[in-house]
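Here's run-v9.cif, which has mmCIF, C-alpha atoms and all ligand atoms:
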data_upload
#
loop_
_atom_site.label_atom_id
_atom_site.label_comp_id
_atom_site.auth_asym_id
_atom_site.auth_seq_id
_atom_site.Cartn_x
_atom_site.Cartn_y
_atom_site.Cartn_z
CA MET A 1 -37.03 5.43 46.73
CA ASN A 2 -33.68 5.77 45.03
CA ILE A 3 -31.27 3.02 46.01
CA PRO A 4 -27.73 2.89 44.59
CA ILE A 5 -25.75 -0.31 44.16
CA ALA A 6 -23.00 0.92 46.49
CA LYS A 7 -21.97 3.96 48.50
CA PRO A 8 -18.56 4.66 50.04
CA TYR A 9 -18.64 5.15 53.81
CA LEU A 10 -16.81 8.43 54.44
CA GLY A 11 -17.22 11.11 57.09
CA ILE A 12 -15.82 14.15 58.82
CA GLU A 13 -12.81 12.14 60.07
CA GLU A 14 -11.63 11.51 56.50
CA GLU A 15 -12.25 15.16 55.61
CA THR A 16 -10.20 16.38 58.58
CA ALA A 17 -7.39 13.90 57.95
CA ALA A 18 -7.10 14.94 54.30
CA ALA A 19 -7.07 18.63 55.30
CA GLU A 20 -4.35 17.98 57.87
CA ALA A 21 -2.20 16.22 55.30
CA ILE A 22 -2.57 19.22 53.00
CA ARG A 23 -1.73 21.69 55.80
CA SER A 24 1.36 19.66 56.74
CA GLY A 25 2.89 20.53 53.37
CA TRP A 26 3.73 16.88 52.70
CA VAL A 27 1.20 15.81 50.10
CA SER A 28 3.07 13.17 48.06
CA GLN A 29 4.22 9.78 49.41
CA GLY A 30 5.65 10.38 52.88
CA PRO A 31 4.99 9.78 56.60
CA LYS A 32 1.24 9.16 56.22
CA VAL A 33 1.79 6.45 53.59
CA LYS A 34 4.29 4.80 55.93
CA GLU A 35 1.79 4.94 58.82
CA PHE A 36 -1.02 3.55 56.63
CA GLU A 37 1.24 0.70 55.47
CA GLU A 38 2.17 -0.21 59.04
CA MET A 39 -1.47 -0.17 60.18
CA PHE A 40 -2.52 -2.24 57.19
CA ALA A 41 0.18 -4.89 57.68
CA LEU A 42 -0.77 -5.19 61.35
CA TYR A 43 -4.46 -5.47 60.48
CA VAL A 44 -4.12 -8.31 57.97
CA GLY A 45 -1.28 -10.02 59.82
CA ALA A 46 1.46 -9.59 57.21
CA LYS A 47 5.05 -8.56 57.91
CA TYR A 48 5.15 -5.86 55.22
CA ALA A 49 2.69 -3.67 53.32
CA VAL A 50 3.54 -1.49 50.32
CA ALA A 51 1.04 1.13 49.11
CA THR A 52 0.44 1.80 45.41
CA THR A 53 -1.83 3.88 43.18
CA SER A 54 -4.33 1.04 42.59
CA CYS A 55 -4.77 -2.70 42.82
CA THR A 56 -4.02 -2.94 39.10
CA THR A 57 -0.59 -1.36 39.57
CA ALA A 58 -0.11 -3.45 42.73
CA LEU A 59 -0.70 -6.64 40.72
CA HIS A 60 1.64 -5.45 37.96
CA ALA A 61 4.40 -4.63 40.47
CA ALA A 62 3.90 -7.95 42.27
CA LEU A 63 4.19 -9.91 39.01
CA VAL A 64 7.34 -8.07 37.87
CA VAL A 65 9.24 -8.36 41.19
CA SER A 66 8.25 -12.05 41.29
CA GLY A 67 10.18 -12.49 38.05
CA ILE A 68 7.21 -12.87 35.68
CA SER A 69 8.02 -11.58 32.20
CA THR A 70 7.59 -12.00 28.45
CA GLY A 71 6.07 -15.28 27.37
CA ASP A 72 5.35 -16.62 30.85
CA GLU A 73 1.86 -17.97 31.44
CA VAL A 74 -0.11 -16.75 34.45
CA ILE A 75 -3.31 -18.55 35.43
CA VAL A 76 -6.17 -16.20 36.34
CA PRO A 77 -9.93 -16.63 36.66
CA SER A 78 -11.94 -15.29 33.74
CA LEU A 79 -14.77 -14.39 36.11
CA SER A 80 -13.16 -11.21 37.43
CA PHE A 81 -12.80 -7.53 36.78
CA ILE A 82 -10.73 -7.07 33.62
CA ALA A 83 -7.82 -5.51 35.57
CA THR A 84 -6.84 -8.98 36.84
CA ALA A 85 -5.90 -10.09 33.31
CA ASN A 86 -4.69 -6.65 32.20
CA SER A 87 -1.99 -6.66 34.90
CA VAL A 88 -0.63 -9.92 33.47
CA VAL A 89 -0.47 -8.40 29.98
CA HIS A 90 1.21 -5.25 31.40
CA ALA A 91 3.96 -7.55 32.72
CA GLY A 92 4.42 -8.97 29.20
CA ALA A 93 3.00 -12.34 30.23
CA ILE A 94 0.11 -14.42 28.88
CA PRO A 95 -3.14 -14.73 30.86
CA VAL A 96 -4.52 -18.27 30.84
CA PHE A 97 -8.13 -18.35 31.95
CA ALA A 98 -9.37 -20.81 34.54
CA ASP A 99 -12.96 -21.86 35.12
CA ILE A 100 -14.73 -21.43 38.45
CA ASP A 101 -16.98 -23.34 40.78
CA PRO A 102 -20.40 -21.73 40.11
CA ASP A 103 -21.33 -22.16 43.79
CA THR A 104 -18.52 -19.91 45.05
CA CYS A 105 -17.68 -17.93 41.88
CA ASN A 106 -14.04 -18.82 42.61
CA VAL A 107 -11.29 -20.84 40.93
CA THR A 108 -10.48 -24.20 42.51
CA VAL A 109 -7.36 -26.32 42.65
CA GLU A 110 -8.94 -28.57 39.98
CA THR A 111 -9.71 -25.78 37.49
CA ILE A 112 -6.17 -24.43 37.95
CA GLU A 113 -4.32 -27.73 37.77
CA LYS A 114 -6.05 -28.65 34.50
CA ILE A 115 -4.46 -25.76 32.58
CA ILE A 116 -0.92 -25.79 33.94
CA THR A 117 1.65 -26.10 31.12
CA LYS A 118 5.44 -26.01 30.92
CA LYS A 119 5.19 -22.22 30.47
CA THR A 120 3.09 -21.62 33.59
CA LYS A 121 5.02 -19.42 36.04
CA ALA A 122 2.36 -18.02 38.34
CA VAL A 123 -1.18 -18.44 39.61
CA MET A 124 -3.27 -15.42 40.50
CA PRO A 125 -6.47 -16.51 42.23
CA VAL A 126 -9.13 -13.89 42.98
CA HIS A 127 -11.15 -13.85 46.22
CA GLN A 128 -14.18 -12.87 44.19
CA MET A 129 -16.59 -10.41 45.82
CA GLY A 130 -14.62 -10.94 49.05
CA LEU A 131 -15.28 -14.68 49.30
CA PRO A 132 -11.91 -16.40 49.91
CA VAL A 133 -10.76 -19.17 47.58
CA ASP A 134 -9.77 -22.49 49.15
CA LEU A 135 -6.27 -21.13 49.68
CA ASN A 136 -4.49 -24.07 51.35
CA GLN A 137 -5.13 -26.34 48.38
CA ILE A 138 -3.91 -23.72 45.92
CA MET A 139 -0.83 -22.97 48.08
CA ASP A 140 0.03 -26.68 48.16
CA LEU A 141 -0.37 -26.96 44.39
CA CYS A 142 1.88 -23.93 43.77
CA LYS A 143 4.54 -25.25 46.12
CA LYS A 144 4.45 -28.68 44.49
CA ARG A 145 4.69 -27.28 40.95
CA GLY A 146 7.12 -24.45 41.77
CA LEU A 147 4.71 -21.67 40.82
CA VAL A 148 4.53 -18.10 42.13
CA LEU A 149 1.28 -17.39 43.97
CA ILE A 150 -0.13 -13.86 43.97
CA GLU A 151 -3.55 -13.30 45.53
CA ASP A 152 -5.80 -10.76 43.83
CA ALA A 153 -7.43 -9.62 47.06
CA ALA A 154 -8.88 -6.42 45.54
CA CYS A 155 -12.25 -7.06 47.20
CA ALA A 156 -11.09 -9.09 50.20
CA ILE A 157 -9.85 -6.80 52.96
CA GLY A 158 -11.21 -8.13 56.26
CA SER A 159 -12.30 -11.48 54.79
CA GLU A 160 -10.94 -14.54 56.55
CA TYR A 161 -9.80 -17.95 55.38
CA ARG A 162 -9.75 -20.63 58.09
CA GLY A 163 -9.83 -17.98 60.81
CA LYS A 164 -6.96 -15.89 59.43
CA LYS A 165 -7.33 -12.68 57.43
CA ILE A 166 -6.64 -12.56 53.71
CA GLY A 167 -3.17 -11.05 53.35
CA GLY A 168 -1.97 -12.93 56.41
CA HIS A 169 -1.26 -16.27 54.76
CA GLY A 170 2.34 -15.56 53.77
CA ASN A 171 1.75 -14.99 50.04
CA ILE A 172 1.87 -11.74 48.11
CA ALA A 173 -1.65 -10.27 48.19
CA CYS A 174 -2.92 -7.14 46.40
CA PHE A 175 -5.80 -4.97 47.66
CA SER A 176 -7.87 -2.14 46.13
CA PHE A 177 -9.14 1.11 47.65
CA HIS A 178 -11.42 2.03 44.76
CA PRO A 179 -14.77 3.39 46.08
CA ARG A 180 -16.53 0.22 44.91
CA LYS A 181 -14.47 -1.86 47.36
CA ILE A 182 -14.74 -2.18 51.17
CA ILE A 183 -12.68 0.88 52.14
CA THR A 184 -11.52 3.67 49.86
CA THR A 185 -8.85 6.29 49.32
CA GLY A 186 -10.46 7.51 46.07
CA GLU A 187 -8.00 5.38 44.12
CA GLY A 188 -5.29 3.29 45.73
CA GLY A 189 -3.85 -0.15 46.34
CA MET A 190 -1.76 -2.15 48.80
CA ILE A 191 0.54 -5.15 48.52
CA THR A 192 1.22 -7.34 51.54
CA THR A 193 3.99 -9.92 51.88
CA ASP A 194 6.07 -11.70 54.52
CA ASN A 195 9.13 -11.61 52.28
CA GLN A 196 11.53 -8.77 53.12
CA VAL A 197 13.41 -8.92 49.81
CA ILE A 198 10.14 -8.73 47.84
CA ALA A 199 8.93 -5.83 50.03
CA GLU A 200 12.14 -3.85 49.44
CA ARG A 201 12.00 -4.45 45.70
CA LEU A 202 8.37 -3.35 45.63
CA ARG A 203 9.22 -0.11 47.46
CA ARG A 204 11.87 0.67 44.83
CA PHE A 205 9.73 -0.45 41.91
CA ARG A 206 6.87 1.92 42.76
CA HIS A 207 9.34 4.78 43.29
CA HIS A 208 11.00 4.99 39.82
CA GLY A 209 13.43 2.25 40.87
CA MET A 210 15.14 4.73 43.21
CA SER A 211 17.40 3.39 45.98
CA VAL A 212 16.28 5.82 48.72
CA SER A 213 12.83 6.92 49.81
CA ASP A 214 11.77 10.56 49.98
CA ILE A 215 11.47 10.30 53.78
CA GLU A 216 15.08 9.09 54.10
CA ARG A 217 16.36 11.90 51.89
CA HIS A 218 14.27 14.55 53.60
CA THR A 219 15.28 13.59 57.13
CA ALA A 220 18.96 12.85 56.43
CA ASP A 221 21.58 15.08 58.08
CA LYS A 222 23.99 14.48 55.25
CA VAL A 223 23.75 14.68 51.49
CA ILE A 224 22.43 11.47 49.91
CA ILE A 225 22.96 10.83 46.23
CA GLU A 226 20.29 8.40 45.07
CA MET A 227 20.89 5.48 42.71
CA TYR A 228 18.68 3.61 40.26
CA PRO A 229 19.60 -0.07 40.28
CA GLU A 230 16.60 -0.94 38.08
CA ILE A 231 13.89 0.71 36.02
CA GLY A 232 10.74 1.33 38.02
CA TYR A 233 7.40 3.08 37.75
CA ASN A 234 5.65 5.91 39.52
CA TYR A 235 3.05 3.93 41.46
CA ARG A 236 3.16 6.08 44.60
CA MET A 237 0.14 6.74 46.76
CA THR A 238 -0.16 10.31 48.07
CA ASP A 239 -0.11 11.23 51.77
CA ILE A 240 -3.57 12.81 51.30
CA GLN A 241 -4.93 9.41 50.22
CA ALA A 242 -3.09 7.57 53.00
CA ALA A 243 -4.50 9.97 55.61
CA ILE A 244 -7.99 9.04 54.39
CA GLY A 245 -7.05 5.35 54.34
CA ILE A 246 -5.98 5.45 58.00
CA GLU A 247 -9.43 6.74 58.99
CA GLN A 248 -11.11 4.16 56.76
CA LEU A 249 -9.17 1.34 58.44
CA LYS A 250 -10.54 2.47 61.81
CA ARG A 251 -14.09 1.98 60.44
CA LEU A 252 -13.44 -1.44 58.97
CA LEU A 253 -14.84 -3.51 61.83
CA PHE A 254 -18.14 -1.63 61.65
CA ILE A 255 -18.28 -1.70 57.84
CA ILE A 256 -17.84 -5.47 57.70
CA LYS A 257 -20.33 -6.06 60.51
CA ARG A 258 -22.97 -4.05 58.64
CA ARG A 259 -22.25 -5.70 55.29
CA ARG A 260 -22.65 -9.12 56.88
CA GLN A 261 -25.88 -8.17 58.65
CA ILE A 262 -27.42 -6.90 55.42
CA SER A 263 -26.25 -9.99 53.52
CA ASP A 264 -27.65 -12.30 56.20
CA LEU A 265 -31.08 -10.72 55.77
CA TYR A 266 -30.84 -11.03 51.96
CA ASN A 267 -29.91 -14.69 52.42
CA THR A 268 -32.85 -15.38 54.73
CA GLU A 269 -35.45 -13.58 52.61
CA LEU A 270 -34.30 -14.38 49.09
CA ARG A 271 -33.83 -18.08 49.87
CA LYS A 272 -37.64 -18.20 50.10
CA ILE A 273 -37.96 -17.37 46.39
CA PRO A 274 -37.76 -20.73 44.56
CA CYS A 275 -36.21 -19.39 41.34
CA LEU A 276 -33.30 -17.71 43.18
CA LYS A 277 -30.08 -19.28 44.40
CA VAL A 278 -28.35 -17.40 47.22
CA PRO A 279 -24.57 -17.57 47.76
CA LYS A 280 -23.23 -20.78 49.25
CA ILE A 281 -20.47 -19.97 51.74
CA PRO A 282 -17.96 -22.80 52.37
CA ASP A 283 -17.05 -23.62 55.99
CA TYR A 284 -13.51 -22.28 55.58
CA ALA A 285 -14.65 -18.80 54.57
CA PHE A 286 -15.66 -15.67 56.46
CA PRO A 287 -16.57 -13.26 53.64
CA ASN A 288 -16.77 -9.47 53.92
CA TYR A 289 -19.55 -9.38 51.26
CA GLN A 290 -17.89 -6.76 49.06
CA SER A 291 -20.83 -7.57 46.78
CA TYR A 292 -24.02 -9.54 47.30
CA TRP A 293 -25.00 -11.75 44.39
CA VAL A 294 -27.90 -14.08 43.58
CA GLU A 295 -28.35 -16.48 40.70
CA LEU A 296 -31.56 -16.64 38.67
CA LEU A 297 -32.56 -20.23 37.96
CA ASP A 298 -34.20 -21.47 34.73
CA THR A 299 -37.59 -21.40 36.45
CA SER A 300 -37.51 -17.60 36.73
CA PRO A 301 -40.50 -15.95 35.01
CA VAL A 302 -38.27 -13.11 33.73
CA SER A 303 -34.75 -12.92 32.35
CA ARG A 304 -31.87 -11.53 34.41
CA ASP A 305 -31.74 -8.36 32.31
CA ASP A 306 -35.53 -7.89 32.60
CA LEU A 307 -35.28 -8.19 36.36
CA MET A 308 -32.59 -5.50 36.34
CA ARG A 309 -34.73 -3.22 34.14
CA ARG A 310 -37.85 -3.70 36.28
CA LEU A 311 -35.91 -2.97 39.48
CA LEU A 312 -34.34 0.15 37.97
CA LYS A 313 -37.86 1.43 37.11
CA LYS A 314 -38.63 1.11 40.83
CA GLY A 315 -35.53 3.15 41.69
CA ILE A 316 -33.24 0.23 42.54
CA ALA A 317 -29.81 0.05 40.93
CA THR A 318 -28.35 -3.42 40.35
CA ARG A 319 -25.43 -4.74 38.30
CA ARG A 320 -24.96 -7.79 36.14
CA GLY A 321 -22.88 -10.51 37.77
CA ILE A 322 -19.08 -10.32 37.54
CA MET A 323 -17.82 -10.07 33.96
CA ALA A 324 -16.19 -12.89 31.99
CA ILE A 325 -12.87 -11.52 30.76
CA HIS A 326 -12.32 -14.24 28.17
CA MET A 327 -15.51 -13.19 26.35
CA GLU A 328 -14.46 -9.57 25.87
CA GLU A 329 -13.34 -8.32 22.47
CA CYS A 330 -9.80 -7.45 23.63
CA TYR A 331 -9.18 -10.99 24.95
CA LYS A 332 -10.70 -12.75 21.94
CA LYS A 333 -7.47 -14.53 21.05
CA TYR A 334 -7.38 -16.21 24.47
CA TYR A 335 -10.95 -17.56 24.25
CA VAL A 336 -11.60 -21.08 25.55
CA PRO A 337 -15.04 -22.35 26.56
CA LEU A 338 -15.48 -22.00 30.35
CA PRO A 339 -18.94 -23.33 31.25
CA GLY A 340 -18.87 -22.30 34.93
CA VAL A 341 -17.82 -18.73 34.19
CA GLU A 342 -20.25 -18.34 31.28
CA HIS A 343 -23.15 -19.64 33.37
CA VAL A 344 -22.45 -17.33 36.32
CA THR A 345 -21.82 -14.17 34.31
CA LYS A 346 -25.13 -14.65 32.42
CA ASN A 347 -27.39 -15.62 35.32
CA THR A 348 -26.25 -13.64 38.36
CA ILE A 349 -27.18 -10.17 39.54
CA LEU A 350 -25.56 -7.94 42.18
CA LEU A 351 -27.89 -6.24 44.65
CA PRO A 352 -27.54 -2.91 46.52
CA LEU A 353 -25.32 -3.18 49.60
CA TYR A 354 -23.62 -0.44 51.63
CA PRO A 355 -23.09 0.13 55.37
CA THR A 356 -25.64 2.97 55.62
CA MET A 357 -28.40 1.03 53.89
CA THR A 358 -31.52 1.39 56.06
CA VAL A 359 -33.91 -1.35 57.15
CA GLU A 360 -36.62 0.33 55.03
CA GLU A 361 -34.40 0.48 51.95
CA GLN A 362 -33.51 -3.18 52.18
CA ALA A 363 -37.11 -4.22 52.86
CA TYR A 364 -38.13 -2.29 49.72
CA VAL A 365 -35.47 -4.05 47.59
CA ILE A 366 -36.58 -7.47 48.85
CA GLN A 367 -40.26 -6.61 48.33
CA CYS A 368 -39.66 -5.44 44.75
CA ILE A 369 -37.68 -8.59 43.88
CA LYS A 370 -40.50 -10.74 45.27
CA GLU A 371 -43.08 -8.81 43.24
CA VAL A 372 -41.19 -9.35 40.00
CA LEU A 373 -40.34 -13.01 40.59
CA GLN A 374 -43.51 -14.37 42.18
C1 LIG K 401 -11.47 -3.77 41.42
C2 LIG K 401 -10.63 -4.91 41.07
C3 LIG K 401 -9.34 -4.76 40.58
C4 LIG K 401 -8.77 -3.42 40.22
O1 LIG K 401 -8.63 -2.56 41.30
P1 LIG K 401 -8.20 -1.04 41.07
O2 LIG K 401 -7.79 -0.57 42.43
O3 LIG K 401 -9.41 -0.33 40.55
O4 LIG K 401 -7.09 -1.03 40.11
C5 LIG K 401 -8.58 -5.90 40.36
N1 LIG K 401 -9.06 -7.13 40.60
C6 LIG K 401 -10.30 -7.31 41.08
C7 LIG K 401 -10.78 -8.70 41.38
C8 LIG K 401 -11.14 -6.22 41.33
O5 LIG K 401 -12.39 -6.42 41.77
#

Turn this file's structure into structure tokens for me.
Ligand SMILES: *Cc1c(COP(=O)(O)O)cnc(C)c1O
Amino acid sequence: MNIPIAKPYLGIEEETAAAEAIRSGWVSQGPKVKEFEEMFALYVGAKYAVATTSCTTALHAALVVSGISTGDEVIVPSLSFIATANSVVHAGAIPVFADIDPDTCNVTVETIEKIITKKTKAVMPVHQMGLPVDLNQIMDLCKKRGLVLIEDAACAIGSEYRGKKIGGHGNIACFSFHPRKIITTGEGGMITTDNQVIAERLRRFRHHGMSVSDIERHTADKVIIEMYPEIGYNYRMTDIQAAIGIEQLKRLLFIIKRRRQISDLYNTELRKIPCLKVPKIPDYAFPNYQSYWVELLDTSPVSRDDLMRRLLKKGIATRRGIMAIHMEECYKKYYVPLPGVEHVTKNTILLPLYPTMTVEEQAYVIQCIKEVLQ
């Protein structure tokens, strides 16, 4: 068997939609992006959605339009993909790394509150691997301390916090459509917000700071001379990508159902292995299982990396647990000891999970893990 860690779920519908966008002659940001944004906002329960080229550029745009700039401190988890912290640096600000609760792999109100200083301007919690943070507590803290809250929801489309989808809680939230996430447009991102002023600024910011959209100019019956009230970026999604995204959104219900079924079986079977700790899901969370992780306890007969090597020999791809940004060379000057993060990054492993994974494939993965660990 040859089992990958992940596989995007794409079909003939995406192929046809992309071809139609090409045939329409409108390939850059246009009517399909607008349609994708409207569908996305409706799906998560936000008033506005603004598409971008990636979640990284979405986070950067969100920070800048929220007024974050040079010298401001932004609290982020260290246990995250490096783009979380990079976006803060792109905005000229300073990432300050928070520890996590090893049970959820997420920051908590306590780990955030501990590192707030006079320079702190924003908090950027991550719903790691699609498991929502305890959002209400963090929202209360940000309100009390006057801090901007931006959710890094790269992995969290379709996840729910207290019965409401991530993106629908009134904050700015940023999503990713990289193939490693739940749905994909090749590359791509989306920002959701309930704030009209923020949404309008985001639309300008991703469009070179231009005062009119290409749709408005194209469909106008009189000449429009555009203006540039501020300096922006080119963070525009293409209509070809958005056409694919629209088809992907239609599959989301099925994708999440499958991911949860597969994760449930992993939970049931792997819980039986004494040296493994399966994810602990808090009552407030309905995760989409963007990734499935397990922790290797001290009693394991092999190291985490040995387990990965032995599984790869059997044709099973795995990944180390989520990285610890503060331990990377390029963030050396921001290093602080973070015991929760350092423990999780060293002792967890991500297992294969994708909607088309067969019963036989999963049984084989579970069998091989049992063979190595028992
Ligand atoms: C993947 C990821 C990103 C970056 O997303 P891109 O769309 O690839 O830019 C940011 N934050 C987190 C938590 C991620 O997992």

Item to check | Within-7 Å residues of ligand LIG 401 (chain K), basis all atoms listed in the file, as a list in words | outcome: Ser54, Cys55, Thr56, Thr57, Ser80, Phe81, Ala83, Thr84, Val126, Gln128, Asp152, Ala153, Ala154, Cys155, Ser176, Phe177, His178, Lys181, Glu187, Gly188 and Gly189 of chain A

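The nearest approach to Phe205 of chain A among the residues A:Asn106, A:Gln362, A:Ser263, A:Ser66, with all atoms listed in the file taken into account, belongs to A:Ser66.
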
Can you write out as a tab-separated table which residues of segment 245-297 of chain A fall within 9 Å of segment 156-172 of chain A, alongside each residue's closest atom pair and its distance in Å to one decimal, counting all atoms listed in the file and ordering rows by chain and ascending residue number?
residue	atom	partner	partner_atom	distance
A:Leu252	CA	A:Gly158	CA	7.6
A:Leu253	CA	A:Gly158	CA	8.1
A:Ile256	CA	A:Gly158	CA	7.3
A:Asp283	CA	A:Arg162	CA	8.2
A:Tyr284	CA	A:Arg162	CA	4.8
A:Ala285	CA	A:Tyr161	CA	5.0
A:Phe286	CA	A:Glu160	CA	4.9
A:Pro287	CA	A:Ser159	CA	4.8
A:Asn288	CA	A:Ser159	CA	5.0
A:Tyr289	CA	A:Ser159	CA	8.3
A:Gln290	CA	A:Ala156	CA	7.3

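Take atom CA of Thr356 of chain A and atom CA of Ala17 of chain A: the distance between them is 21.4 Å.
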
Next on the checklist: Taking 2 positions as the minimum chain separation for residues in the same chain, which residues sit within 9 Å of segment 2-12 of chain A when counting only C-alpha atoms? Answer as a PyMOL selection string.
Outcome noted: chain A and resi 14-17+179-184+244+247-248+251+255+291+314-319+350-357+361+365

Go ahead and save the residues from that selection, with C-alpha atoms, as an mmCIF file, in the coordinates of the input.
data_model
loop_
_atom_site.group_PDB
_atom_site.id
_atom_site.type_symbol
_atom_site.label_atom_id
_atom_site.label_comp_id
_atom_site.auth_asym_id
_atom_site.auth_seq_id
_atom_site.Cartn_x
_atom_site.Cartn_y
_atom_site.Cartn_z
ATOM 1 C CA GLU A 14 -11.630 11.510 56.500
ATOM 2 C CA GLU A 15 -12.250 15.160 55.610
ATOM 3 C CA THR A 16 -10.200 16.380 58.580
ATOM 4 C CA ALA A 17 -7.390 13.900 57.950
ATOM 5 C CA PRO A 179 -14.770 3.390 46.080
ATOM 6 C CA ARG A 180 -16.530 0.220 44.910
ATOM 7 C CA LYS A 181 -14.470 -1.860 47.360
ATOM 8 C CA ILE A 182 -14.740 -2.180 51.170
ATOM 9 C CA ILE A 183 -12.680 0.880 52.140
ATOM 10 C CA THR A 184 -11.520 3.670 49.860
ATOM 11 C CA ILE A 244 -7.990 9.040 54.390
ATOM 12 C CA GLU A 247 -9.430 6.740 58.990
ATOM 13 C CA GLN A 248 -11.110 4.160 56.760
ATOM 14 C CA ARG A 251 -14.090 1.980 60.440
ATOM 15 C CA ILE A 255 -18.280 -1.700 57.840
ATOM 16 C CA SER A 291 -20.830 -7.570 46.780
ATOM 17 C CA LYS A 314 -38.630 1.110 40.830
ATOM 18 C CA GLY A 315 -35.530 3.150 41.690
ATOM 19 C CA ILE A 316 -33.240 0.230 42.540
ATOM 20 C CA ALA A 317 -29.810 0.050 40.930
ATOM 21 C CA THR A 318 -28.350 -3.420 40.350
ATOM 22 C CA ARG A 319 -25.430 -4.740 38.300
ATOM 23 C CA LEU A 350 -25.560 -7.940 42.180
ATOM 24 C CA LEU A 351 -27.890 -6.240 44.650
ATOM 25 C CA PRO A 352 -27.540 -2.910 46.520
ATOM 26 C CA LEU A 353 -25.320 -3.180 49.600
ATOM 27 C CA TYR A 354 -23.620 -0.440 51.630
ATOM 28 C CA PRO A 355 -23.090 0.130 55.370
ATOM 29 C CA THR A 356 -25.640 2.970 55.620
ATOM 30 C CA MET A 357 -28.400 1.030 53.890
ATOM 31 C CA GLU A 361 -34.400 0.480 51.950
ATOM 32 C CA VAL A 365 -35.470 -4.050 47.590
#

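Comparing A:Ile82, A:Ala49, A:Cys142, A:Ala173 by their smallest distance to Leu63 of chain A, the closest is A:Ala173 (using all atoms listed in the file).
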
Item to check | Protein, DNA and RNA residues within 12 Å of (1.1, -4.4, 38.8), all atoms listed in the file, as JSON, numbers by chain | outcome: {"A": [51, 52, 53, 54, 55, 56, 57, 58, 59, 60, 61, 62, 63, 64, 65, 66, 68, 69, 83, 84, 85, 86, 87, 88, 89, 90, 91, 92, 93, 124, 150, 152, 172, 173, 174, 175, 176, 189, 190, 191, 202, 205, 206, 232, 233, 234, 235]}

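Distance-wise, atom CA of Ala199 of chain A and atom CA of Glu226 of chain A end up 18.9 Å apart.
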
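Using all atoms listed in the file, the shortest contact distance between Leu131 of chain A and any of A:Pro301, A:Asp306, A:Thr358, A:Arg260 is found at A:Arg260.
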
Regenerate segment 175-179 of chain A at the level of all heavy atoms and dump it as a PDB file, in the coordinates of the input.
ATOM      1  N   PHE A 175      -4.493  -5.500  47.252  1.00  0.00           N
ATOM      2  CA  PHE A 175      -5.800  -4.970  47.660  1.00  0.00           C
ATOM      3  C   PHE A 175      -6.120  -3.685  46.896  1.00  0.00           C
ATOM      4  O   PHE A 175      -5.217  -2.986  46.442  1.00  0.00           O
ATOM      5  CB  PHE A 175      -5.784  -4.661  49.157  1.00  0.00           C
ATOM      6  CG  PHE A 175      -5.569  -5.866  50.027  1.00  0.00           C
ATOM      7  CD1 PHE A 175      -4.286  -6.331  50.289  1.00  0.00           C
ATOM      8  CD2 PHE A 175      -6.643  -6.551  50.576  1.00  0.00           C
ATOM      9  CE1 PHE A 175      -4.075  -7.453  51.094  1.00  0.00           C
ATOM     10  CE2 PHE A 175      -6.452  -7.671  51.374  1.00  0.00           C
ATOM     11  CZ  PHE A 175      -5.166  -8.117  51.633  1.00  0.00           C
ATOM     12  N   SER A 176      -7.421  -3.373  46.814  1.00  0.00           N
ATOM     13  CA  SER A 176      -7.870  -2.140  46.130  1.00  0.00           C
ATOM     14  C   SER A 176      -8.600  -1.215  47.091  1.00  0.00           C
ATOM     15  O   SER A 176      -9.344  -1.668  47.963  1.00  0.00           O
ATOM     16  CB  SER A 176      -8.814  -2.497  44.980  1.00  0.00           C
ATOM     17  OG  SER A 176      -9.402  -1.316  44.442  1.00  0.00           O
ATOM     18  N   PHE A 177      -8.395   0.099  46.888  1.00  0.00           N
ATOM     19  CA  PHE A 177      -9.140   1.110  47.650  1.00  0.00           C
ATOM     20  C   PHE A 177     -10.006   1.952  46.739  1.00  0.00           C
ATOM     21  O   PHE A 177     -10.246   3.128  47.002  1.00  0.00           O
ATOM     22  CB  PHE A 177      -8.170   1.989  48.455  1.00  0.00           C
ATOM     23  CG  PHE A 177      -7.255   1.210  49.355  1.00  0.00           C
ATOM     24  CD1 PHE A 177      -5.874   1.351  49.266  1.00  0.00           C
ATOM     25  CD2 PHE A 177      -7.769   0.322  50.292  1.00  0.00           C
ATOM     26  CE1 PHE A 177      -5.027   0.620  50.090  1.00  0.00           C
ATOM     27  CE2 PHE A 177      -6.932  -0.416  51.116  1.00  0.00           C
ATOM     28  CZ  PHE A 177      -5.551  -0.270  51.015  1.00  0.00           C
ATOM     29  N   HIS A 178     -10.449   1.352  45.632  1.00  0.00           N
ATOM     30  CA  HIS A 178     -11.420   2.030  44.760  1.00  0.00           C
ATOM     31  C   HIS A 178     -12.741   2.145  45.545  1.00  0.00           C
ATOM     32  O   HIS A 178     -13.044   1.266  46.369  1.00  0.00           O
ATOM     33  CB  HIS A 178     -11.596   1.185  43.486  1.00  0.00           C
ATOM     34  CG  HIS A 178     -12.534   1.809  42.500  1.00  0.00           C
ATOM     35  ND1 HIS A 178     -13.895   1.573  42.528  1.00  0.00           N
ATOM     36  CD2 HIS A 178     -12.316   2.672  41.484  1.00  0.00           C
ATOM     37  CE1 HIS A 178     -14.466   2.272  41.554  1.00  0.00           C
ATOM     38  NE2 HIS A 178     -13.538   2.937  40.909  1.00  0.00           N
ATOM     39  N   PRO A 179     -13.528   3.201  45.303  1.00  0.00           N
ATOM     40  CA  PRO A 179     -14.770   3.390  46.080  1.00  0.00           C
ATOM     41  C   PRO A 179     -15.745   2.219  46.031  1.00  0.00           C
ATOM     42  O   PRO A 179     -16.601   2.082  46.903  1.00  0.00           O
ATOM     43  CB  PRO A 179     -15.399   4.630  45.434  1.00  0.00           C
ATOM     44  CG  PRO A 179     -14.279   5.328  44.768  1.00  0.00           C
ATOM     45  CD  PRO A 179     -13.250   4.310  44.406  1.00  0.00           C
TER      46      PRO A 179
END
